[in-house]
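Heads up, the thing below is written out as structure tokens.
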Amino acid sequence: MLDQSRIDALRAAELAPRSLFIDGAFRDAVHGKRRDVISPIDGRTLTSIAEGGAEDVDLAVAAARRAFDAGKWSRAAPAERKKVMHRIADLIERHALELAVLGVRDNGTEIAMALKAEPGSAAATFRYYAEAIDKVYGEIAPTAPNVLGLVHREPVGVVAAIVPWNFPMMIGAWKIAPALAAGNSVVLKPAEVASLSLLRLAELCAEAGLPAGVLNVVTGKGSVCGEALGLHMDVDVMAFTGSGAVGRRLLEYSARSNLKRCYLELGGKSPNIVFADAPDLDQAAKVSAYGIFRNSGQVCVAGSRLLVEETIHDEFVARVAAIATKMKVGDPLDLSTEAGAVTSEDQLSKNLEFVRRAKAEGGRLETGGTRILAETGGFYMQPTVFSGIEPAMHLAQEEVFGPVLGVMKFGDEAEAVRLANSTVFGLASAVWTSNLSRAHRMVRAVRAGVVHVNTYGGSDLTVPLGGVGQSGNGHDKSLHALDKFTELKTAWISL
Ligand code: NAD
């Protein structure tokens with residue numbers, strides 16, 4: 001049973017300086033640079049990590065390629081890879097609390113959520129692809145009888161995975177696990193402000209028997225290490241999760257280098273649509289509030305636009321605002337905290353700028369809007385609700401990636417669809433209604449990778465996660481993720 005004292009003991013642990021993980025060993029950056037790791041919990045320095053450069057990326061890619069060509073992993077029987085991947089999952093589970101606390105000290109997610117979403121989800125992801133990979137078959141084509149057409153599915157080679165600071169282990173595992181299961185080598189670049197748990201994960205992978213060079217972790221600036229990976233001539237696939245701005249750069253890097261495949265999981269401005277006939281408005285209000293404010297809004301699929309039918313608008317907004325006002329925001333390592341810290345001071349400033357602009361543009365502040373707990377030195381923001389948001393306002397169009405909800409009003413189903421589809425994004429969404437036909441109509445009409453019905457945010461590994469429009473391309477999770485990390489090869493054999 002999880003108790004606060006175990007968390008408190010782990011939070012007090014001194015953290016040794018961390019290095020890059022290349023070719024099965026920790027090593028300093030070639031140029032010896034380091035950066036301080038600032039904890040969003042109290043603004044203090046936790047430890048330092050190596051700040052990699054392009055030379056380190058070269059070393060990591062070379063190690064990955066050597067390991068791939070050597071074949072110890074890439075040509076191992078899938079059943080053998082499966083054993084190692086299960087051992088990785090075992091180790092993640094054994095170290096779950098340690099990993100979760102380490103991650104929270106680094107990025108500020110509330111611990112109750114972090115435990116489930118980070119080591120919990122990462123272990124489940126390694127198990128899912130461990131179990132999947134020895135059940136993936138090639139094809140025999142329905143050719144004429146004088147030929148045999150075989151379709152092989154092969155690993156692609158060297159995969160670069162670049163991940164964001166929210167849920168680094170979960171999102172990291174969504175890339176690493178299917179890539180490794182398929183036999184690839186990986187170079188992982190964590191976000192500058194959330195590297196610690198992924199470095200520890202790499203260590204656990206080595207302990208589980210993953211051969212040296214198959215998984216490498218290069219920490220450092222996106223504009224340096226991320227760019228070097230994007231431009232690298234020996235990286236075959238780029239699997240990215242992050243902002244649209246960086247996603248665009250990756251496409252440019254690909255065009256300027258070797259045309260590497262680029263899969264982009266980007267941001268969203270996801271509509272959460274509540275009809276007056278929602279089955280349970282209390283439940284809808286609660287789930288809607290948690291659907292934006294957990295992890296202080298730093299969730300790609302967060303329901304950041306609340307669309308409410310006009311007949312229940314005022315009452316529903318009052319319910320959501322009341323929940324937001326009461327939410328317990330604060331120390332993310334306290335088990336009772338409902339929304340932890342904003343990951344960096346920079347992000348907190350961006351969130352507050354959105355508040356300023358929403359006010360200036362005529363949005364009505366229902367609750368929140370300010371930094372809180374500044375005396376702790378940490379980065380915290382009160383859950384914020386704006387009503388009266390119009391489609392042309394910034395808050396209706398741009399991703400905040402913070403605890404700021406914009407509410408819009410609609411008159412009928414057609415208007416709800418029009419508003420829902422009025423951004424460049426298409427990541428997540430939800431529809432609350434008791435009308436089955438309307439639910440199915442909305443699932444078809446809303447432009448998004450996922451439409452939740454009478455809930456918000458739930459999913460598991462069995463279903464894909466991906467966006468349409470400027471929310472990206474490609475899918476994490478499910479068997480579809482294997483498509484990103486495998487290549488089809490045809491054998492055409494004359495009989
Ligand atoms: P970000 O785009 O700033 O950074 C993401 C990663 O890209 C980091 O590792 C960063 O170092 C790296 N990077 C930065 N500049 C780079 C460059 N020039 N070249 C190569 N790499 C570079 O995103 P973030 O602020 O870390 O994360 C928040 C964003 O991620 C939000 O937009 C959020 O919606 C998105 N996100 C999407 C999903 C999804 O599944 N669709 C999931 C989580 C987060």
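The way I read the labels, and the way they are meant: chains A, B, ... in the order of the structure tokens, residue 1 as the first residue of every chain, and ligand 1 as the first ligand shown, with later ones counted on from there.
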
Contacts with ligand 1 at most 8 Å, only C-alpha atoms and all ligand atoms counted, listed as an MDAnalysis selection string: chainID A and resid 162:167 171 189:192 220:230 240:247 249:250 264:268 298:301 399 401 427 465:467 471:472 476

Spatial neighbours of Ala396 (chain A), 12 Å, only C-alpha atoms, chain gap at least 5 places, as number ranges by chain: A: 268-271, 303-307, 354, 357-358, 361, 363, 386-391, 404-408, 419-425

Go ahead and dump the residues you just picked, N, CA, C and O atoms, as a compact mmCIF listing (two decimals), in the first residue's frame.
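Heads up, here's the output in out-v5.txt:
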```
# COMPACT_ATOMS: atom_id res chain seq x y z
N GLY A 268 -2.94 20.18 -29.14
CA GLY A 268 -4.36 20.18 -29.41
C GLY A 268 -5.07 21.37 -28.78
O GLY A 268 -4.46 22.17 -28.04
N LYS A 269 -6.32 21.51 -29.12
CA LYS A 269 -7.18 22.51 -28.48
C LYS A 269 -8.52 21.81 -28.39
O LYS A 269 -9.50 22.16 -29.07
N SER A 270 -8.54 20.75 -27.60
CA SER A 270 -9.59 19.75 -27.73
C SER A 270 -10.95 20.20 -27.18
O SER A 270 -11.04 20.68 -26.04
N PRO A 271 -12.01 20.04 -27.99
CA PRO A 271 -13.34 20.45 -27.56
C PRO A 271 -14.03 19.38 -26.71
O PRO A 271 -14.03 18.21 -27.07
N GLY A 303 -9.00 18.65 -22.28
CA GLY A 303 -10.21 19.25 -22.85
C GLY A 303 -10.20 20.74 -22.56
O GLY A 303 -10.89 21.23 -21.66
N SER A 304 -9.46 21.49 -23.35
CA SER A 304 -9.20 22.89 -23.02
C SER A 304 -10.28 23.85 -23.53
O SER A 304 -10.30 25.02 -23.16
N ARG A 305 -11.17 23.34 -24.41
CA ARG A 305 -12.32 24.16 -24.83
C ARG A 305 -13.58 23.45 -24.38
O ARG A 305 -13.85 22.31 -24.79
N LEU A 306 -14.33 24.10 -23.53
CA LEU A 306 -15.59 23.51 -23.06
C LEU A 306 -16.73 24.16 -23.84
O LEU A 306 -16.92 25.37 -23.75
N LEU A 307 -17.45 23.35 -24.61
CA LEU A 307 -18.57 23.86 -25.42
C LEU A 307 -19.86 23.41 -24.73
O LEU A 307 -20.09 22.20 -24.58
N PHE A 354 -1.45 34.07 -21.45
CA PHE A 354 -2.75 33.70 -22.03
C PHE A 354 -3.90 34.31 -21.22
O PHE A 354 -4.90 34.75 -21.78
N ARG A 357 -4.17 37.99 -22.07
CA ARG A 357 -4.77 38.24 -23.39
C ARG A 357 -6.26 37.91 -23.39
O ARG A 357 -7.07 38.59 -24.02
N ALA A 358 -6.64 36.82 -22.68
CA ALA A 358 -8.06 36.45 -22.66
C ALA A 358 -8.88 37.56 -22.02
O ALA A 358 -9.98 37.89 -22.48
N GLU A 361 -9.15 40.48 -24.41
CA GLU A 361 -10.02 40.23 -25.56
C GLU A 361 -11.49 40.09 -25.17
O GLU A 361 -12.33 39.79 -26.02
N GLY A 363 -12.80 37.99 -22.57
CA GLY A 363 -13.21 36.78 -21.86
C GLY A 363 -13.60 37.13 -20.42
O GLY A 363 -13.07 38.08 -19.84
N PHE A 386 -12.37 30.65 -18.02
CA PHE A 386 -12.89 31.83 -18.71
C PHE A 386 -14.16 31.44 -19.45
O PHE A 386 -14.16 30.46 -20.21
N SER A 387 -15.23 32.20 -19.28
CA SER A 387 -16.40 32.01 -20.15
C SER A 387 -16.41 33.14 -21.18
O SER A 387 -15.55 34.03 -21.15
N GLY A 388 -17.40 33.09 -22.09
CA GLY A 388 -17.52 34.14 -23.09
C GLY A 388 -16.41 34.12 -24.12
O GLY A 388 -16.06 35.16 -24.70
N ILE A 389 -15.85 32.94 -24.37
CA ILE A 389 -14.76 32.85 -25.36
C ILE A 389 -15.36 32.71 -26.75
O ILE A 389 -16.26 31.90 -26.98
N GLU A 390 -14.86 33.53 -27.65
CA GLU A 390 -15.33 33.52 -29.05
C GLU A 390 -14.27 32.88 -29.93
O GLU A 390 -13.08 32.93 -29.61
N PRO A 391 -14.70 32.29 -31.07
CA PRO A 391 -13.74 31.54 -31.91
C PRO A 391 -12.50 32.33 -32.33
O PRO A 391 -11.45 31.74 -32.54
N VAL A 404 -5.82 26.33 -17.97
CA VAL A 404 -6.69 27.43 -18.38
C VAL A 404 -7.76 26.88 -19.32
O VAL A 404 -7.46 26.35 -20.39
N LEU A 405 -9.01 27.00 -18.89
CA LEU A 405 -10.14 26.48 -19.66
C LEU A 405 -10.93 27.63 -20.28
O LEU A 405 -11.24 28.62 -19.59
N GLY A 406 -11.24 27.51 -21.56
CA GLY A 406 -12.08 28.52 -22.22
C GLY A 406 -13.45 27.92 -22.53
O GLY A 406 -13.53 26.84 -23.11
N VAL A 407 -14.51 28.62 -22.12
CA VAL A 407 -15.86 28.09 -22.33
C VAL A 407 -16.55 28.84 -23.46
O VAL A 407 -16.50 30.08 -23.52
N MET A 408 -17.21 28.07 -24.33
CA MET A 408 -17.98 28.65 -25.44
C MET A 408 -19.40 28.11 -25.35
O MET A 408 -19.63 27.02 -24.85
N LEU A 419 -18.18 24.82 -34.10
CA LEU A 419 -17.22 25.34 -33.12
C LEU A 419 -16.13 24.31 -32.84
O LEU A 419 -14.94 24.64 -32.76
N ALA A 420 -16.55 23.06 -32.69
CA ALA A 420 -15.58 22.01 -32.36
C ALA A 420 -14.49 21.95 -33.42
O ALA A 420 -13.31 21.78 -33.12
N ASN A 421 -14.89 22.11 -34.68
CA ASN A 421 -13.94 21.96 -35.79
C ASN A 421 -13.32 23.29 -36.23
O ASN A 421 -12.78 23.38 -37.32
N SER A 422 -13.39 24.29 -35.37
CA SER A 422 -12.96 25.63 -35.81
C SER A 422 -11.52 25.96 -35.43
O SER A 422 -11.15 27.12 -35.32
N THR A 423 -10.69 24.95 -35.20
CA THR A 423 -9.26 25.22 -34.97
C THR A 423 -8.45 24.42 -35.98
O THR A 423 -8.99 23.58 -36.70
N VAL A 424 -7.13 24.65 -35.98
CA VAL A 424 -6.26 23.89 -36.90
C VAL A 424 -5.95 22.51 -36.34
O VAL A 424 -5.33 21.70 -37.01
N PHE A 425 -6.36 22.27 -35.07
CA PHE A 425 -5.99 21.02 -34.40
C PHE A 425 -7.04 19.93 -34.59
O PHE A 425 -8.15 20.20 -35.05
```

Atom pair CA of Leu20 (chain A) / CA of Val159 (chain A): separation (Å): 17.3 Å

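CA of Ala194 (chain A) is positioned 7.1 Å from CA of Gly103 (chain A).
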
Region 34-176 of chain A: residues DSSP assigns to helix (DSSP H, G or I), reported as a ChimeraX atom specification: /A:54-70,78-94,96-107,111-133,168-176

Filtering to C-alpha atoms, could you give me those residues as a compact mmCIF listing (two decimals), in the first residue's frame?
```txt
# COMPACT_ATOMS: atom_id res chain seq x y z
CA ALA A 54 26.04 17.34 -31.96
CA GLU A 55 29.21 15.27 -31.32
CA ASP A 56 27.37 13.27 -28.66
CA VAL A 57 24.46 12.71 -31.01
CA ASP A 58 26.97 11.38 -33.58
CA LEU A 59 28.35 8.97 -31.00
CA ALA A 60 24.88 7.80 -29.99
CA VAL A 61 23.72 7.29 -33.57
CA ALA A 62 26.94 5.44 -34.41
CA ALA A 63 26.44 3.17 -31.38
CA ALA A 64 22.83 2.55 -32.39
CA ARG A 65 23.84 1.71 -35.96
CA ARG A 66 26.64 -0.62 -34.82
CA ALA A 67 24.23 -2.44 -32.53
CA PHE A 68 21.65 -2.68 -35.30
CA ASP A 69 24.15 -4.04 -37.82
CA ALA A 70 25.62 -6.49 -35.31
CA PRO A 78 11.02 -12.04 -31.54
CA ALA A 79 10.46 -14.50 -28.68
CA GLU A 80 13.95 -13.62 -27.36
CA ARG A 81 13.29 -9.89 -27.55
CA LYS A 82 10.03 -10.51 -25.77
CA LYS A 83 11.84 -12.03 -22.78
CA VAL A 84 14.07 -8.98 -22.36
CA MET A 85 11.13 -6.61 -22.72
CA HIS A 86 9.22 -8.45 -20.01
CA ARG A 87 12.28 -8.16 -17.77
CA ILE A 88 12.33 -4.40 -18.46
CA ALA A 89 8.67 -4.22 -17.42
CA ASP A 90 9.45 -6.24 -14.26
CA LEU A 91 12.22 -3.81 -13.32
CA ILE A 92 10.04 -0.77 -13.98
CA GLU A 93 7.40 -2.26 -11.71
CA ARG A 94 9.95 -3.10 -9.03
CA ALA A 96 7.90 2.13 -9.76
CA LEU A 97 7.79 4.44 -6.75
CA GLU A 98 11.43 5.46 -7.13
CA LEU A 99 10.86 6.26 -10.83
CA ALA A 100 7.64 8.14 -10.14
CA VAL A 101 9.15 10.29 -7.37
CA LEU A 102 12.23 10.99 -9.47
CA GLY A 103 10.03 12.12 -12.35
CA VAL A 104 7.83 14.27 -10.13
CA ARG A 105 10.83 16.01 -8.57
CA ASP A 106 11.87 16.83 -12.13
CA ASN A 107 8.55 17.85 -13.73
CA ILE A 111 2.34 11.77 -7.58
CA ALA A 112 -0.93 9.83 -7.58
CA MET A 113 -1.27 10.46 -11.30
CA ALA A 114 2.45 10.09 -12.03
CA LEU A 115 2.59 6.61 -10.52
CA LYS A 116 -0.13 5.37 -12.84
CA ALA A 117 0.78 7.37 -15.91
CA GLU A 118 4.56 7.06 -15.74
CA PRO A 119 6.05 3.77 -14.46
CA GLY A 120 2.60 2.15 -14.49
CA SER A 121 1.93 2.95 -18.09
CA ALA A 122 5.55 2.41 -19.19
CA ALA A 123 5.60 -1.12 -17.73
CA ALA A 124 2.27 -1.92 -19.37
CA THR A 125 3.59 -0.60 -22.70
CA PHE A 126 6.72 -2.77 -22.59
CA ARG A 127 4.53 -5.79 -21.78
CA TYR A 128 2.04 -5.01 -24.54
CA TYR A 129 4.70 -4.86 -27.29
CA ALA A 130 6.63 -7.77 -25.78
CA GLU A 131 3.49 -9.87 -26.14
CA ALA A 132 2.59 -8.47 -29.55
CA ILE A 133 5.81 -8.92 -31.43
CA PRO A 168 8.27 11.54 -20.23
CA MET A 169 8.22 7.85 -19.25
CA MET A 170 4.77 7.13 -20.65
CA ILE A 171 5.40 8.90 -23.94
CA GLY A 172 9.00 7.66 -24.06
CA ALA A 173 7.77 4.08 -23.67
CA TRP A 174 5.14 4.59 -26.38
CA LYS A 175 8.06 5.17 -28.78
CA ILE A 176 10.81 2.98 -27.33
```

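Interatomic distance, CA of Ala324 (chain A) to CA of Ala289 (chain A): 6.4 Å.
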
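With only C-alpha atoms as the atoms that count, the residue of A:Arg75, A:Gln397, A:Gly213, A:Trp432 with the shortest distance to Leu281 (chain A) is A:Trp432.
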
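Within region 69-161 of chain A, residues classed as strand (DSSP E) by DSSP on backbone coordinates are Glu139, Ile140, Val147, Leu148, Gly149, Leu150, Val151, His152, Arg153, Glu154, Pro155, Val158, Val159, Ala160 and Ala161 of chain A.
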
Near-region 39-47 of chain A list (8 Å; only C-alpha atoms; drop same-chain fewer than 6 positions) as number ranges by chain: A: 14-18, 105-108, 331-332, 341-345, 376-379

Could the residues in this selection be saved with C-alpha atoms as a PDB file, in the first residue's frame?
```pdb
ATOM      1  CA  GLU A  14      20.297  13.350  -2.808  1.00  0.00           C
ATOM      2  CA  LEU A  15      20.517  12.932  -6.570  1.00  0.00           C
ATOM      3  CA  ALA A  16      23.930  12.314  -8.064  1.00  0.00           C
ATOM      4  CA  PRO A  17      24.789  14.224 -11.264  1.00  0.00           C
ATOM      5  CA  ARG A  18      23.589  12.332 -14.355  1.00  0.00           C
ATOM      6  CA  ARG A 105      10.835  16.010  -8.575  1.00  0.00           C
ATOM      7  CA  ASP A 106      11.871  16.826 -12.131  1.00  0.00           C
ATOM      8  CA  ASN A 107       8.546  17.845 -13.734  1.00  0.00           C
ATOM      9  CA  GLY A 108       5.965  18.413 -10.978  1.00  0.00           C
ATOM     10  CA  ASP A 331       3.128  20.010  -3.529  1.00  0.00           C
ATOM     11  CA  PRO A 332       2.993  17.260  -6.170  1.00  0.00           C
ATOM     12  CA  ALA A 341       3.318  22.190 -10.356  1.00  0.00           C
ATOM     13  CA  VAL A 342       3.713  23.828 -13.725  1.00  0.00           C
ATOM     14  CA  THR A 343       6.900  22.275 -15.076  1.00  0.00           C
ATOM     15  CA  SER A 344       8.974  25.419 -15.523  1.00  0.00           C
ATOM     16  CA  GLU A 345       8.916  29.108 -14.737  1.00  0.00           C
ATOM     17  CA  THR A 376       7.415  27.967  -1.870  1.00  0.00           C
ATOM     18  CA  GLY A 377       9.716  29.016  -4.706  1.00  0.00           C
ATOM     19  CA  GLY A 378       7.800  26.555  -6.908  1.00  0.00           C
ATOM     20  CA  PHE A 379       5.697  27.169 -10.012  1.00  0.00           C
TER      21      PHE A 379
END
```

Which region 140-200 of chain A residues have any atom within 6 Å of an atom of region 483-488 of chain A, and for each, what is the nearest pair of atoms with distance in Å to one decimal, counting only C-alpha atoms, rows sorted by chain and number, as a Markdown table?
```
| residue | atom | partner | partner_atom | distance |
| --- | --- | --- | --- | --- |
| A:His152 | CA | A:Leu488 | CA | 5.6 |
| A:Arg153 | CA | A:Leu488 | CA | 4.7 |
| A:Glu154 | CA | A:Glu487 | CA | 5.1 |
| A:Pro155 | CA | A:Thr486 | CA | 4.6 |
| A:Val156 | CA | A:Thr486 | CA | 5.2 |
| A:Ala179 | CA | A:Phe485 | CA | 5.3 |
```

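Compared by their closest atoms to Val235 (chain A), and using only C-alpha atoms, the residues A:Arg200, A:Arg371, A:Arg248, A:Lys260 rank with A:Lys260 nearest.
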
Residues near region 236-239 of chain A, cut-off 6 Å, only C-alpha atoms, skip fewer than 3 positions along chain, as a compact mmCIF listing (two decimals) with C-alpha atoms, in the first residue's frame:
```txt
# COMPACT_ATOMS: atom_id res chain seq x y z
CA VAL A 158 17.92 3.64 -36.18
CA VAL A 159 14.96 5.41 -34.61
CA ALA A 160 15.33 8.85 -33.04
CA ALA A 161 12.68 9.54 -30.41
CA LYS A 260 13.82 10.24 -42.83
CA ARG A 261 10.26 9.31 -41.96
CA CYS A 262 8.80 11.78 -39.43
CA TYR A 263 5.92 10.89 -37.14
```
